[in-house]
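Dumped entry03.pdb below, it's PDB, C-alpha atoms:
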```pdb
ATOM      1  CA  MET A   1      -0.607 -14.331  20.607
ATOM      2  CA  ALA A   2       2.896 -13.366  21.764
ATOM      3  CA  ASN A   3       4.584 -10.703  19.656
ATOM      4  CA  GLN A   4       7.560 -12.927  18.854
ATOM      5  CA  GLU A   5       5.356 -15.804  17.767
ATOM      6  CA  PHE A   6       3.413 -13.461  15.475
ATOM      7  CA  ASN A   7       6.606 -11.932  14.087
ATOM      8  CA  ASN A   8       7.883 -15.432  13.319
ATOM      9  CA  LEU A   9       4.635 -16.206  11.498
ATOM     10  CA  LEU A  10       5.002 -13.072   9.361
ATOM     11  CA  SER A  11       8.657 -13.797   8.674
ATOM     12  CA  ASN A  12       7.875 -17.359   7.561
ATOM     13  CA  TYR A  13       5.072 -16.136   5.309
ATOM     14  CA  LYS A  14       7.324 -13.505   3.754
ATOM     15  CA  ILE A  15      10.084 -16.050   3.064
ATOM     16  CA  LYS A  16       7.585 -18.500   1.550
ATOM     17  CA  ILE A  17       5.976 -15.843  -0.668
ATOM     18  CA  ASN A  18       9.346 -14.557  -1.875
ATOM     19  CA  GLU A  19      10.643 -18.050  -2.626
ATOM     20  CA  LEU A  20       7.559 -18.979  -4.641
ATOM     21  CA  ILE A  21       7.644 -15.741  -6.650
ATOM     22  CA  ILE A  22      11.379 -15.970  -7.407
ATOM     23  CA  ARG A  23      11.100 -19.668  -8.310
ATOM     24  CA  GLU A  24       8.290 -18.878 -10.761
ATOM     25  CA  LEU A  25      10.257 -16.045 -12.369
ATOM     26  CA  LYS A  26      13.441 -18.125 -12.674
ATOM     27  CA  ASN A  27      11.536 -20.826 -14.545
ATOM     28  CA  ARG A  28      10.280 -18.435 -17.224
ATOM     29  CA  ARG A  29      11.721 -17.180 -20.489
ATOM     30  CA  PRO A  30      12.887 -14.866 -21.960
ATOM     31  CA  LYS A  31      15.400 -13.806 -19.346
ATOM     32  CA  SER A  32      15.319 -10.253 -20.703
ATOM     33  CA  LEU A  33      11.772 -10.005 -19.326
ATOM     34  CA  TYR A  34      12.023 -12.012 -16.095
ATOM     35  CA  ASN A  35      15.527 -11.159 -14.819
ATOM     36  CA  PRO A  36      14.511  -7.514 -14.246
ATOM     37  CA  LEU A  37      11.584  -8.766 -12.174
ATOM     38  CA  ILE A  38      13.891 -11.016 -10.143
ATOM     39  CA  TYR A  39      16.006  -7.890  -9.463
ATOM     40  CA  PHE A  40      12.873  -5.978  -8.457
ATOM     41  CA  PHE A  41      11.594  -8.599  -6.002
ATOM     42  CA  ASN A  42      15.057  -9.227  -4.547
ATOM     43  CA  SER A  43      15.353  -5.497  -3.836
ATOM     44  CA  GLY A  44      12.974  -5.701  -0.882
ATOM     45  CA  GLY A  45       9.359  -5.291   0.132
ATOM     46  CA  LYS A  46       7.377  -6.312   3.190
ATOM     47  CA  ARG A  47       4.749  -8.439   1.343
ATOM     48  CA  LEU A  48       2.145  -7.057   3.748
ATOM     49  CA  ARG A  49      -0.806  -7.414   1.363
ATOM     50  CA  ALA A  50      -0.072 -11.060   0.645
ATOM     51  CA  ILE A  51       0.394 -11.743   4.348
ATOM     52  CA  LEU A  52      -2.835  -9.914   5.220
ATOM     53  CA  LEU A  53      -4.787 -12.074   2.760
ATOM     54  CA  LEU A  54      -3.436 -15.181   4.481
ATOM     55  CA  LEU A  55      -4.253 -13.779   7.933
ATOM     56  CA  CYS A  56      -7.845 -13.027   6.879
ATOM     57  CA  ALA A  57      -8.205 -16.602   5.637
ATOM     58  CA  ARG A  58      -6.658 -17.936   8.875
ATOM     59  CA  SER A  59      -9.059 -15.869  10.959
ATOM     60  CA  ILE A  60     -11.902 -17.939   9.459
ATOM     61  CA  ASN A  61     -10.192 -21.300   8.963
ATOM     62  CA  ASN A  62      -6.804 -22.160  10.461
ATOM     63  CA  ASP A  63      -6.364 -25.344   8.402
ATOM     64  CA  LYS A  64      -2.980 -24.963   6.699
ATOM     65  CA  TYR A  65      -4.151 -27.193   3.849
ATOM     66  CA  SER A  66      -6.724 -24.565   2.827
ATOM     67  CA  GLU A  67      -4.156 -21.751   2.901
ATOM     68  CA  PRO A  68      -4.744 -19.560  -0.196
ATOM     69  CA  ILE A  69      -1.054 -18.960  -0.917
ATOM     70  CA  ASN A  70      -1.599 -18.601  -4.668
ATOM     71  CA  GLN A  71      -4.217 -15.908  -4.196
ATOM     72  CA  ALA A  72      -1.877 -14.128  -1.758
ATOM     73  CA  ILE A  73       0.852 -14.166  -4.410
ATOM     74  CA  ALA A  74      -1.638 -12.855  -6.987
ATOM     75  CA  ILE A  75      -2.360  -9.827  -4.778
ATOM     76  CA  GLU A  76       1.363  -9.244  -4.250
ATOM     77  CA  LEU A  77       2.050  -9.375  -7.992
ATOM     78  CA  LEU A  78      -0.800  -6.951  -8.674
ATOM     79  CA  HIS A  79       0.554  -4.555  -6.048
ATOM     80  CA  ASN A  80       4.054  -4.680  -7.515
ATOM     81  CA  PHE A  81       2.682  -4.149 -11.018
ATOM     82  CA  THR A  82       1.314  -0.813  -9.733
ATOM     83  CA  LEU A  83       4.621   0.064  -8.021
ATOM     84  CA  ILE A  84       6.701  -0.425 -11.168
ATOM     85  CA  HIS A  85       4.380   1.805 -13.179
ATOM     86  CA  ASP A  86       4.103   4.366 -10.353
ATOM     87  CA  ASP A  87       7.892   4.670 -10.261
ATOM     88  CA  ILE A  88       7.953   5.423 -13.973
ATOM     89  CA  MET A  89       5.164   8.025 -13.741
ATOM     90  CA  ASP A  90       6.724   9.675 -10.679
ATOM     91  CA  ASN A  91      10.273   9.596 -12.098
ATOM     92  CA  SER A  92      11.328   7.859  -8.872
ATOM     93  CA  VAL A  93      15.016   7.153  -8.442
ATOM     94  CA  LYS A  94      14.982   4.578  -5.628
ATOM     95  CA  ARG A  95      12.754   1.951  -4.107
ATOM     96  CA  HIS A  96      13.930   0.126  -0.973
ATOM     97  CA  ASN A  97      17.266   1.974  -1.341
ATOM     98  CA  LYS A  98      17.861   0.317  -4.723
ATOM     99  CA  LYS A  99      17.613   1.789  -8.209
ATOM    100  CA  THR A 100      14.081   1.704  -9.568
ATOM    101  CA  LEU A 101      13.523  -0.790 -12.353
ATOM    102  CA  HIS A 102      13.322   1.770 -15.160
ATOM    103  CA  LEU A 103      16.676   3.274 -14.084
ATOM    104  CA  LYS A 104      18.386  -0.066 -13.543
ATOM    105  CA  TYR A 105      17.303  -1.180 -17.027
ATOM    106  CA  ASP A 106      15.193   1.188 -19.149
ATOM    107  CA  ILE A 107      11.606   2.466 -19.350
ATOM    108  CA  SER A 108      10.505   0.011 -22.052
ATOM    109  CA  THR A 109      11.771  -2.957 -20.050
ATOM    110  CA  ALA A 110      10.071  -1.683 -16.887
ATOM    111  CA  ILE A 111       6.705  -1.170 -18.621
ATOM    112  CA  LEU A 112       6.799  -4.641 -20.168
ATOM    113  CA  ALA A 113       7.921  -6.241 -16.904
ATOM    114  CA  GLY A 114       5.099  -4.527 -15.032
ATOM    115  CA  ASP A 115       2.558  -5.675 -17.624
ATOM    116  CA  SER A 116       3.793  -9.257 -17.358
ATOM    117  CA  LEU A 117       3.275  -9.164 -13.574
ATOM    118  CA  LEU A 118      -0.389  -8.368 -14.099
ATOM    119  CA  ALA A 119      -0.828 -11.355 -16.427
ATOM    120  CA  LEU A 120       1.065 -13.588 -14.000
ATOM    121  CA  ALA A 121      -1.143 -12.324 -11.151
ATOM    122  CA  TYR A 122      -4.241 -13.646 -12.918
ATOM    123  CA  GLU A 123      -2.517 -17.007 -13.439
ATOM    124  CA  PHE A 124      -1.863 -17.322  -9.697
ATOM    125  CA  LEU A 125      -5.340 -16.071  -8.783
ATOM    126  CA  ASN A 126      -6.859 -19.041 -10.607
ATOM    127  CA  LYS A 127      -4.634 -21.712  -9.016
ATOM    128  CA  GLY A 128      -6.293 -24.068  -6.544
ATOM    129  CA  LEU A 129      -9.541 -22.114  -6.128
ATOM    130  CA  THR A 130     -12.350 -24.333  -4.880
ATOM    131  CA  GLN A 131     -15.122 -21.841  -4.084
ATOM    132  CA  ASN A 132     -16.407 -18.369  -4.967
ATOM    133  CA  LEU A 133     -14.332 -18.227  -8.167
ATOM    134  CA  GLU A 134     -16.529 -15.641  -9.885
ATOM    135  CA  GLU A 135     -16.656 -13.398  -6.807
ATOM    136  CA  ILE A 136     -12.881 -13.599  -6.292
ATOM    137  CA  PHE A 137     -12.121 -12.718  -9.910
ATOM    138  CA  SER A 138     -14.630  -9.836  -9.730
ATOM    139  CA  GLU A 139     -13.006  -8.482  -6.550
ATOM    140  CA  PHE A 140      -9.555  -8.690  -8.092
ATOM    141  CA  THR A 141     -10.541  -7.002 -11.351
ATOM    142  CA  ARG A 142     -12.538  -4.302  -9.560
ATOM    143  CA  ALA A 143      -9.520  -3.528  -7.374
ATOM    144  CA  LEU A 144      -7.312  -3.216 -10.457
ATOM    145  CA  THR A 145      -9.757  -0.787 -12.072
ATOM    146  CA  VAL A 146     -10.165   1.336  -8.938
ATOM    147  CA  VAL A 147      -6.404   1.479  -8.256
ATOM    148  CA  CYS A 148      -5.887   2.844 -11.779
ATOM    149  CA  GLU A 149      -8.603   5.442 -11.101
ATOM    150  CA  GLY A 150      -6.809   6.417  -7.906
ATOM    151  CA  GLN A 151      -3.499   6.814  -9.721
ATOM    152  CA  ALA A 152      -5.249   8.936 -12.359
ATOM    153  CA  LEU A 153      -6.638  11.200  -9.620
ATOM    154  CA  ASP A 154      -3.165  11.448  -8.078
ATOM    155  CA  LYS A 155      -1.755  12.615 -11.423
ATOM    156  CA  GLU A 156      -4.733  14.929 -11.978
ATOM    157  CA  TYR A 157      -4.202  16.571  -8.583
ATOM    158  CA  GLU A 158      -0.630  17.447  -9.552
ATOM    159  CA  ASN A 159      -2.066  20.145 -11.837
ATOM    160  CA  LYS A 160      -4.730  21.432  -9.431
ATOM    161  CA  LYS A 161      -3.950  24.419  -7.250
ATOM    162  CA  ARG A 162      -6.361  23.275  -4.559
ATOM    163  CA  VAL A 163      -7.243  19.783  -3.436
ATOM    164  CA  SER A 164      -9.801  19.397  -0.656
ATOM    165  CA  VAL A 165      -9.542  16.910   2.194
ATOM    166  CA  ASN A 166     -12.475  15.031   0.610
ATOM    167  CA  ASP A 167     -10.574  14.931  -2.712
ATOM    168  CA  TYR A 168      -7.577  13.506  -0.892
ATOM    169  CA  TYR A 169      -9.657  10.807   0.801
ATOM    170  CA  GLU A 170     -11.272   9.841  -2.502
ATOM    171  CA  MET A 171      -7.845   9.459  -4.078
ATOM    172  CA  ILE A 172      -6.279   7.327  -1.333
ATOM    173  CA  SER A 173      -9.437   5.242  -0.898
ATOM    174  CA  LYS A 174      -9.025   4.270  -4.537
ATOM    175  CA  LYS A 175      -5.232   4.192  -4.843
ATOM    176  CA  THR A 176      -4.408   2.432  -1.557
ATOM    177  CA  GLY A 177      -7.616   1.454   0.231
ATOM    178  CA  ALA A 178      -9.243  -0.448  -2.648
ATOM    179  CA  LEU A 179      -6.483  -3.024  -3.068
ATOM    180  CA  ILE A 180      -6.236  -3.765   0.652
ATOM    181  CA  LYS A 181     -10.026  -3.991   0.835
ATOM    182  CA  ALA A 182      -9.961  -6.546  -2.001
ATOM    183  CA  THR A 183      -7.088  -8.367  -0.280
ATOM    184  CA  CYS A 184      -9.186  -8.951   2.827
ATOM    185  CA  ARG A 185     -12.356  -9.809   0.929
ATOM    186  CA  ILE A 186     -10.534 -12.338  -1.268
ATOM    187  CA  GLY A 187      -8.913 -13.905   1.802
ATOM    188  CA  ALA A 188     -12.386 -14.295   3.302
ATOM    189  CA  LEU A 189     -13.972 -15.541   0.065
ATOM    190  CA  THR A 190     -11.495 -18.415  -0.147
ATOM    191  CA  GLN A 191     -12.908 -19.735   3.146
ATOM    192  CA  THR A 192     -16.551 -18.651   3.568
ATOM    193  CA  ASN A 193     -19.785 -17.455   1.964
ATOM    194  CA  ASP A 194     -20.799 -15.451   5.055
ATOM    195  CA  LYS A 195     -21.574 -11.985   3.658
ATOM    196  CA  TYR A 196     -21.282 -10.293   7.050
ATOM    197  CA  ILE A 197     -17.730 -11.582   7.582
ATOM    198  CA  ILE A 198     -16.672 -10.789   4.009
ATOM    199  CA  ASP A 199     -18.065  -7.240   4.167
ATOM    200  CA  LYS A 200     -16.639  -6.496   7.608
ATOM    201  CA  LEU A 201     -13.181  -7.756   6.652
ATOM    202  CA  GLY A 202     -13.437  -5.570   3.541
ATOM    203  CA  GLU A 203     -14.180  -2.522   5.722
ATOM    204  CA  PHE A 204     -11.258  -3.480   7.955
ATOM    205  CA  GLY A 205      -8.948  -3.624   4.918
ATOM    206  CA  GLU A 206     -10.111  -0.361   3.391
ATOM    207  CA  LEU A 207      -9.591   1.555   6.644
ATOM    208  CA  ILE A 208      -6.155  -0.010   7.114
ATOM    209  CA  GLY A 209      -5.278   1.116   3.580
ATOM    210  CA  ILE A 210      -6.328   4.709   4.265
ATOM    211  CA  ALA A 211      -4.500   4.817   7.614
ATOM    212  CA  PHE A 212      -1.445   3.248   5.953
ATOM    213  CA  GLN A 213      -1.320   5.979   3.289
ATOM    214  CA  ILE A 214      -1.750   8.836   5.784
ATOM    215  CA  GLN A 215       1.047   7.294   7.827
ATOM    216  CA  ASP A 216       3.178   7.033   4.675
ATOM    217  CA  ASP A 217       2.644  10.753   4.120
ATOM    218  CA  LEU A 218       3.683  11.413   7.716
ATOM    219  CA  LEU A 219       6.779   9.197   7.575
ATOM    220  CA  ASP A 220       7.965  11.212   4.577
ATOM    221  CA  VAL A 221       8.681  14.108   6.952
ATOM    222  CA  VAL A 222       9.323  12.436  10.326
ATOM    223  CA  GLY A 223      10.591   8.946   9.423
ATOM    224  CA  ASN A 224      14.024   7.397   9.613
ATOM    225  CA  GLU A 225      15.534   7.818   6.146
ATOM    226  CA  ARG A 226      17.496   4.565   6.333
ATOM    227  CA  LEU A 227      14.435   2.557   7.422
ATOM    228  CA  PHE A 228      11.977   4.395   5.175
ATOM    229  CA  GLY A 229      13.998   3.625   2.060
ATOM    230  CA  LYS A 230      13.745   7.040   0.418
ATOM    231  CA  LYS A 231      14.887  10.595   1.055
ATOM    232  CA  LEU A 232      12.870  12.446   3.689
ATOM    233  CA  GLY A 233      10.822  15.278   2.255
ATOM    234  CA  SER A 234      10.632  13.710  -1.202
ATOM    235  CA  ASP A 235       6.869  14.356  -1.308
ATOM    236  CA  LEU A 236       7.575  18.052  -0.718
ATOM    237  CA  VAL A 237      10.239  18.086  -3.432
ATOM    238  CA  GLU A 238       7.776  16.475  -5.847
ATOM    239  CA  GLY A 239       4.908  18.748  -4.765
ATOM    240  CA  LYS A 240       2.621  15.826  -3.902
ATOM    241  CA  LYS A 241      -0.805  16.641  -2.447
ATOM    242  CA  THR A 242      -0.320  14.670   0.767
ATOM    243  CA  PHE A 243      -2.558  14.649   3.832
ATOM    244  CA  LEU A 244      -0.137  17.049   5.500
ATOM    245  CA  LEU A 245       0.019  19.531   2.614
ATOM    246  CA  VAL A 246      -3.748  19.551   2.023
ATOM    247  CA  ASN A 247      -4.426  20.277   5.698
ATOM    248  CA  ALA A 248      -1.582  22.795   5.971
ATOM    249  CA  LEU A 249      -3.116  24.791   3.113
ATOM    250  CA  LYS A 250      -6.388  24.927   5.075
ATOM    251  CA  LYS A 251      -4.723  26.256   8.231
ATOM    252  CA  ALA A 252      -1.934  28.476   6.919
ATOM    253  CA  ARG A 253      -2.179  32.261   6.850
ATOM    254  CA  GLU A 254      -0.082  35.135   5.470
ATOM    255  CA  ASN A 255       3.599  34.260   4.974
ATOM    256  CA  ASP A 256       3.185  30.517   5.563
ATOM    257  CA  LEU A 257       0.325  30.404   3.072
ATOM    258  CA  LYS A 258       2.428  32.279   0.502
ATOM    259  CA  LYS A 259       5.213  29.706   0.860
ATOM    260  CA  LEU A 260       2.809  26.781   0.515
ATOM    261  CA  ASN A 261       1.177  28.383  -2.518
ATOM    262  CA  LYS A 262       4.618  28.835  -4.041
ATOM    263  CA  LEU A 263       5.245  25.109  -3.573
ATOM    264  CA  ILE A 264       1.990  24.401  -5.440
ATOM    265  CA  GLU A 265       2.796  26.850  -8.252
ATOM    266  CA  ASN A 266       6.304  25.438  -8.718
ATOM    267  CA  LYS A 267       5.064  21.818  -8.363
ATOM    268  CA  GLY A 268       7.569  21.202  -5.597
ATOM    269  CA  ILE A 269      10.550  22.696  -3.832
ATOM    270  CA  ASN A 270      14.337  22.446  -3.919
ATOM    271  CA  PRO A 271      15.793  19.817  -1.561
ATOM    272  CA  ASP A 272      17.550  22.544   0.450
ATOM    273  CA  GLN A 273      14.115  23.946   1.416
ATOM    274  CA  ILE A 274      12.779  20.731   2.978
ATOM    275  CA  ILE A 275      13.578  21.681   6.584
ATOM    276  CA  LYS A 276      11.848  25.066   6.208
ATOM    277  CA  TYR A 277       8.652  23.444   4.988
ATOM    278  CA  ILE A 278       8.707  20.757   7.683
ATOM    279  CA  ASP A 279       9.018  23.616  10.186
ATOM    280  CA  ILE A 280       5.842  25.136   8.709
ATOM    281  CA  TYR A 281       4.048  21.826   9.293
ATOM    282  CA  LYS A 282       5.280  21.774  12.890
ATOM    283  CA  LYS A 283       4.290  25.385  13.523
ATOM    284  CA  LEU A 284       0.771  24.774  12.180
ATOM    285  CA  GLY A 285       0.402  21.621  14.293
ATOM    286  CA  ILE A 286      -0.012  19.484  11.186
ATOM    287  CA  ILE A 287       2.247  16.659  12.371
ATOM    288  CA  ASP A 288       0.344  16.287  15.666
ATOM    289  CA  PHE A 289      -2.962  16.562  13.812
ATOM    290  CA  THR A 290      -1.913  13.813  11.394
ATOM    291  CA  GLN A 291      -0.864  11.515  14.230
ATOM    292  CA  LYS A 292      -4.266  12.025  15.877
ATOM    293  CA  GLU A 293      -6.042  11.287  12.608
ATOM    294  CA  ILE A 294      -4.154   7.990  12.313
ATOM    295  CA  GLN A 295      -5.227   7.142  15.866
ATOM    296  CA  LYS A 296      -8.872   7.811  14.935
ATOM    297  CA  PHE A 297      -8.612   5.287  12.127
ATOM    298  CA  HIS A 298      -6.888   2.896  14.520
ATOM    299  CA  GLN A 299      -9.910   3.047  16.822
ATOM    300  CA  LYS A 300     -12.394   2.570  13.963
ATOM    301  CA  ILE A 301     -10.487  -0.507  12.829
ATOM    302  CA  LEU A 302     -10.398  -1.904  16.376
ATOM    303  CA  ASP A 303     -14.166  -1.416  16.601
ATOM    304  CA  ILE A 304     -14.629  -3.551  13.474
ATOM    305  CA  LEU A 305     -12.396  -6.276  14.900
ATOM    306  CA  ASN A 306     -14.356  -6.200  18.155
ATOM    307  CA  GLU A 307     -17.547  -6.796  16.151
ATOM    308  CA  LEU A 308     -15.936  -9.646  14.219
ATOM    309  CA  ASP A 309     -14.572 -11.218  17.404
ATOM    310  CA  LYS A 310     -17.941 -12.913  17.935
ATOM    311  CA  LYS A 311     -17.617 -14.813  14.645
ATOM    312  CA  ILE A 312     -13.938 -15.325  13.781
ATOM    313  CA  PHE A 313     -10.485 -15.423  15.380
ATOM    314  CA  VAL A 314      -9.244 -11.815  15.220
ATOM    315  CA  GLU A 315      -6.166 -11.842  17.453
ATOM    316  CA  GLU A 316      -3.700 -12.103  14.544
ATOM    317  CA  LEU A 317      -5.510  -9.270  12.743
ATOM    318  CA  ARG A 318      -5.149  -7.138  15.894
ATOM    319  CA  GLU A 319      -1.429  -7.898  15.894
ATOM    320  CA  PHE A 320      -1.218  -6.954  12.221
ATOM    321  CA  LEU A 321      -2.954  -3.644  12.967
ATOM    322  CA  ARG A 322      -0.501  -2.948  15.788
ATOM    323  CA  LEU A 323       2.371  -3.604  13.394
ATOM    324  CA  ILE A 324       0.948  -1.169  10.825
ATOM    325  CA  ILE A 325       0.171   1.622  13.293
ATOM    326  CA  THR A 326       3.612   1.488  14.924
ATOM    327  CA  ARG A 327       5.649   0.997  11.737
ATOM    328  CA  LYS A 328       8.698   3.149  10.994
ATOM    329  CA  ASN A 329       9.047   2.276   7.310
TER     330      ASN A 329
END
```
As structure tokens, how would this structure be written, given the file I've shared?
Amino acid sequence: MANQEFNNLLSNYKIKINELIIRELKNRRPKSLYNPLIYFFNSGGKRLRAILLLLCARSINNDKYSEPINQAIAIELLHNFTLIHDDIMDNSVKRHNKKTLHLKYDISTAILAGDSLLALAYEFLNKGLTQNLEEIFSEFTRALTVVCEGQALDKEYENKKRVSVNDYYEMISKKTGALIKATCRIGALTQTNDKYIIDKLGEFGELIGIAFQIQDDLLDVVGNERLFGKKLGSDLVEGKKTFLLVNALKKARENDLKKLNKLIENKGINPDQIIKYIDIYKKLGIIDFTQKEIQKFHQKILDILNELDKKIFVEELREFLRLIITRKN
């Protein structure tokens, strides 16, 4: 599939998903609950999880009349429910270069709005389902539970002086990988009962989620601030246990180790220290190491798609992977 044709497909999906979400929110009352959500969704977002669900379904059955758009919207609403609550817990100031919901309005409004998204997600999940209802609802609910566990680990790690690489992988597998795994499995379940296809697409999604999060950690120090939508080095300022920090702590010695330990003790750094800490990452080879780790995941994901190629149409999923691996925001 030509890149432009694929990009047009993604753009059309994104427009359709946004229009359906905004239309639903505009039709609901009270406005004090739903207008903040309209602000939130109009602020931006790539809708990648919703699009990925549709691509997984298309890879099995390209009949547009069986397109699980409602289930795609359900996944997107669930994802945004987690974002609203994450922003509150992390005291985030901006998302997509706009004020976070709790700053634009207030914390109570943001909590209630986030909760309502979860309820609305279940409404959409149930619309138009014709097969595997029980399995789809189980996947969705399991993902919700595991994402909450991942967020709890993330908060728990804030107070730990040392977090191992295995700890990090457990956290992102739950916080990021689980929802994308469920996204792909639900997309498959709307079209087939073939366990091999469902399981393999789930593996594909989980690995994409892990690679996506490691790349997010990397973009925090090497990305384009305007494209990335938040200040570079914000993870360092907040003292987050990212892939880069966890691995830097393993490699650092003497003065560099002292500085990294100070970051841990102080639960972050001052913004004027960001460049110094990025220089430590560069000196230790952490940025190159992280890029290589992302490439390893890229190859594992390609191997899964090569296996699936015998059973389903994987070209659009390959294009989606290329988009993720080369993203700048």
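Here CA of Leu9 in chain A stands at a distance of 12.8 Å from CA of Arg47 in chain A.
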Which neighbours of Met171 in chain A fall inside 8 Å, counting all atoms listed in the file, when residues of the same chain fewer than 4 positions from it are skipped, and could you give them as a VMD selection string?
-> chain A and resid 150 to 151 153 to 154 167 175
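What the PyMOL selection byres ((chain A and resi 36-44) around 8) grabs from this file is A:Asn18, A:Ile22, A:Leu25, A:Lys26, A:Ser32, A:Leu33, A:Tyr34, A:Asn35, A:Gly45, A:Lys46, A:Arg95, A:His96, A:Lys98, A:Thr100, A:Leu101, A:Tyr105, A:Thr109, A:Ala110, A:Ala113.
Minimum distance to Lys251 in chain A across A:Val93, A:Leu284, A:Leu263, A:Ser234 (counting only C-alpha atoms) occurs at A:Leu284.
With all atoms listed in the file as the atoms that count, the minimum distance from Val314 in chain A to the choices A:Arg185, A:Arg58, A:Arg162, A:Lys16 is reached by A:Arg58.
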Could you jot down the CA of Ile21 in chain A to CA of Gln191 in chain A separation for me, Å, one decimal place?
-> 23.1 Å
Where does the PyMOL selection byres ((chain A and resi 50) around 7) land in this file, that is, which residues does it pick, as a ChimeraX atom specification?
-> /A:47-49,51-54,72-73,75-76
When distances are computed from all atoms listed in the file, which of A:Ile210, A:Leu218, A:Ala248, A:Leu302 shows the smallest separation from Ile286 in chain A?
-> A:Ala248
What lies within 8 Å of Gly114 in chain A using all atoms listed in the file, ignoring chain neighbours under 6 positions off, as a PyMOL selection string?
-> chain A and resi 80-82+84-85
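Take CA of Ile197 in chain A and CA of Gln291 in chain A: the distance between them is 29.4 Å.
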Run the PyMOL selection byres ((chain A and resi 207) around 8) mentally over the shown coordinates, then write out the matched residues as an MDAnalysis selection string, using the chain letters and numbers from the document.
-> chainID A and resid 177 203:206 208:211 297 300:301
8 Å contact set for Ile274 in chain A, only C-alpha atoms, chain neighbours under 5 positions out, as a PyMOL selection string | chain A and resi 233+236-237+269
Output C-alpha atoms of each residue in that selection to a file, as a PDB file, in the frame of the given file.
```pdb
ATOM      1  CA  GLY A 233      10.822  15.278   2.255  1.00  0.00           C
ATOM      2  CA  LEU A 236       7.575  18.052  -0.718  1.00  0.00           C
ATOM      3  CA  VAL A 237      10.239  18.086  -3.432  1.00  0.00           C
ATOM      4  CA  ILE A 269      10.550  22.696  -3.832  1.00  0.00           C
TER       5      ILE A 269
END
```
From A:Thr176, A:Gln273, A:Ser59, A:Thr190, residue lying nearest Gln131 in chain A [only C-alpha atoms] | A:Thr190
Find the spatial neighbours of range 116-127 of chain A, counting all atoms listed in the file, within a cut-off of 6 Å - ignore same-chain residues fewer than 6 positions away - and output them as JSON, numbers by chain.
-> {"A": [70, 71, 74, 77, 78, 81]}
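Nearest residue to Phe6 in chain A among A:Arg28, A:Lys240, A:Arg327, A:Arg322 is A:Arg322, counting only C-alpha atoms.
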Name the closest residue to Tyr157 in chain A among the candidates A:Leu133, A:Met89, A:Ile264, A:Ala143; distances are taken between atoms, counting all atoms listed in the file.
-> A:Ile264
